[in-house]
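For reference, final28.pdb is printed below; it contains PDB, C-alpha atoms.
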```
ATOM      1  CA  MET A1132       8.071 -18.420 -10.379
ATOM      2  CA  ARG A1133      10.308 -17.549  -7.454
ATOM      3  CA  LYS A1134      10.308 -19.896  -4.495
ATOM      4  CA  THR A1135       9.870 -18.338  -1.082
ATOM      5  CA  ASN A1136      11.184 -19.688   2.140
ATOM      6  CA  LYS A1137      10.485 -18.915   5.769
ATOM      7  CA  GLU A1138      13.647 -16.853   6.140
ATOM      8  CA  ASN A1139      12.626 -14.568   3.253
ATOM      9  CA  ILE A1140       9.147 -14.209   4.714
ATOM     10  CA  ARG A1141      10.554 -13.272   8.143
ATOM     11  CA  LYS A1142      12.918 -10.766   6.515
ATOM     12  CA  TYR A1143      10.008  -9.201   4.643
ATOM     13  CA  GLU A1144       7.950  -8.960   7.833
ATOM     14  CA  THR A1145      10.846  -7.340   9.689
ATOM     15  CA  LEU A1146      11.521  -4.806   6.932
ATOM     16  CA  PHE A1147       7.998  -3.811   6.001
ATOM     17  CA  LEU A1148       5.389  -4.980   8.511
ATOM     18  CA  ASP A1149       6.905  -3.410  11.614
ATOM     19  CA  ASN A1150       4.257  -1.067  13.054
ATOM     20  CA  ARG A1151       6.513   1.777  14.220
ATOM     21  CA  TYR A1152       4.121   4.538  13.207
ATOM     22  CA  PRO A1153       0.581   3.526  14.136
ATOM     23  CA  SER A1154      -1.112   6.638  12.777
ATOM     24  CA  GLY A1155      -0.728   8.801   9.716
ATOM     25  CA  ARG A1156      -2.480  11.834  11.186
ATOM     26  CA  ASN A1157       0.588  14.046  10.811
ATOM     27  CA  GLY A1158       1.357  12.894   7.280
ATOM     28  CA  LYS A1159       0.190  14.079   3.887
ATOM     29  CA  VAL A1160      -2.482  12.731   1.585
ATOM     30  CA  VAL A1161      -1.272  10.702  -1.361
ATOM     31  CA  TYR A1162      -3.333   8.963  -4.004
ATOM     32  CA  ILE A1163      -2.654   5.335  -4.890
ATOM     33  CA  ARG A1164      -4.038   3.340  -7.804
ATOM     34  CA  PRO A1165      -7.095   1.390  -6.621
ATOM     35  CA  GLU A1166      -5.546  -1.990  -7.496
ATOM     36  CA  TYR A1167      -2.415  -1.179  -5.475
ATOM     37  CA  HIS A1168      -4.468   0.146  -2.582
ATOM     38  CA  GLU A1169      -6.397  -3.133  -2.448
ATOM     39  CA  ARG A1170      -3.177  -5.166  -2.493
ATOM     40  CA  LEU A1171      -1.603  -3.062   0.243
ATOM     41  CA  LEU A1172      -4.675  -3.373   2.451
ATOM     42  CA  ARG A1173      -4.746  -7.146   2.008
ATOM     43  CA  ILE A1174      -1.083  -7.380   3.023
ATOM     44  CA  VAL A1175      -1.458  -5.307   6.188
ATOM     45  CA  GLN A1176      -4.609  -7.209   7.139
ATOM     46  CA  MET A1177      -2.546 -10.413   7.256
ATOM     47  CA  THR A1178      -0.593  -9.157  10.264
ATOM     48  CA  ARG A1179      -2.246 -10.668  13.293
ATOM     49  CA  GLU A1180      -0.274  -9.921  16.438
ATOM     50  CA  GLU A1181       0.246  -6.193  15.974
ATOM     51  CA  LYS A1182      -2.113  -4.650  13.490
ATOM     52  CA  THR A1183       0.144  -2.890  11.027
ATOM     53  CA  THR A1184      -1.402   0.263   9.651
ATOM     54  CA  LEU A1185      -1.380   1.073   5.969
ATOM     55  CA  TYR A1186       0.496   4.268   6.843
ATOM     56  CA  SER A1187       3.219   2.313   8.644
ATOM     57  CA  TYR A1188       3.549  -0.232   5.822
ATOM     58  CA  ILE A1189       3.942   2.460   3.144
ATOM     59  CA  ASP A1190       6.371   4.384   5.350
ATOM     60  CA  ASN A1191       8.509   1.235   5.739
ATOM     61  CA  ILE A1192       8.513   0.720   1.957
ATOM     62  CA  PHE A1193       9.727   4.300   1.423
ATOM     63  CA  GLU A1194      12.345   4.014   4.151
ATOM     64  CA  HIS A1195      13.765   0.869   2.521
ATOM     65  CA  HIS A1196      13.664   2.467  -0.944
ATOM     66  CA  PHE A1197      15.599   5.541   0.186
ATOM     67  CA  LYS A1198      18.158   3.448   2.103
ATOM     68  CA  GLU A1199      18.646   1.201  -0.907
ATOM     69  CA  PHE A1200      18.775   3.907  -3.578
ATOM     70  CA  GLY A1201      19.604   7.108  -1.652
ATOM     71  CA  ILE A1202      23.033   7.647  -3.192
ATOM     72  CA  ASP A1203      21.679   6.965  -6.703
ATOM     73  CA  ILE A1204      18.789   9.371  -6.135
ATOM     74  CA  THR A1205      21.178  12.079  -4.901
ATOM     75  CA  ASP A1206      23.490  11.550  -7.886
ATOM     76  CA  PHE A1207      20.536  11.633 -10.291
ATOM     77  CA  PHE A1208      19.321  14.897  -8.745
ATOM     78  CA  ASN A1209      22.774  16.504  -8.717
ATOM     79  CA  GLU A1210      23.379  15.644 -12.399
ATOM     80  CA  ARG A1211      20.228  17.500 -13.393
ATOM     81  CA  ASN A1212      20.512  20.465 -11.044
ATOM     82  CA  LYS A1213      23.843  22.115 -11.697
ATOM     83  CA  PRO A1214      24.781  25.070  -9.499
ATOM     84  CA  ILE A1215      24.329  28.505 -11.083
ATOM     85  CA  LEU A1216      27.843  29.669 -10.153
TER      86      LEU A1216
END
```
Since I need it in another form, could you write the structure as structure tokens?
Amino acid sequence: MRKTNKENIRKYETLFLDNRYPSGRNGKVVYIRPEYHERLLRIVQMTREEKTTLYSYIDNIFEHHFKEFGIDITDFFNERNKPIL
């Protein structure tokens, strides 16, 4: 089991629990497995000072994912979608 420390917890909060987008009204509907949905809700409910929305939390996860793997995703796409000419 991995040990956590306060610095890792603060880093996680900064990356994922920042409530930059309080509403998902302009977004799209996406379906999430019920067990993941429950986990996500429990995590965002732990934020006390600024209530982080589920929309904001998921958006932060995607933003981090695309920053972390953006070049790999682009390379993966380009390898499978060769130009016609």
With the cut-off set at 9 Å and counting only C-alpha atoms, tabulate each residue of segment 1182-1213 of chain A with an atom at most that distance from an atom of segment 1155-1170 of chain A, showing the nearest atom pair and its distance in Å to one decimal, ordered by chain and increasing number, as JSON lines.
```
{"residue": "A:Thr1184", "atom": "CA", "partner": "A:Gly1155", "partner_atom": "CA", "distance": 8.6}
{"residue": "A:Leu1185", "atom": "CA", "partner": "A:Gly1155", "partner_atom": "CA", "distance": 8.6}
{"residue": "A:Tyr1186", "atom": "CA", "partner": "A:Gly1155", "partner_atom": "CA", "distance": 5.5}
{"residue": "A:Ser1187", "atom": "CA", "partner": "A:Gly1155", "partner_atom": "CA", "distance": 7.7}
```
Subject >> Length of the atom CA of Phe1147 of chain A to atom CA of Leu1171 of chain A vector [Å] >> reply: 11.2 Å
Original post:
Distance atom CA of Lys1182 of chain A-atom CA of Glu1144 of chain A, one decimal place?
Top reply: 12.3 Å
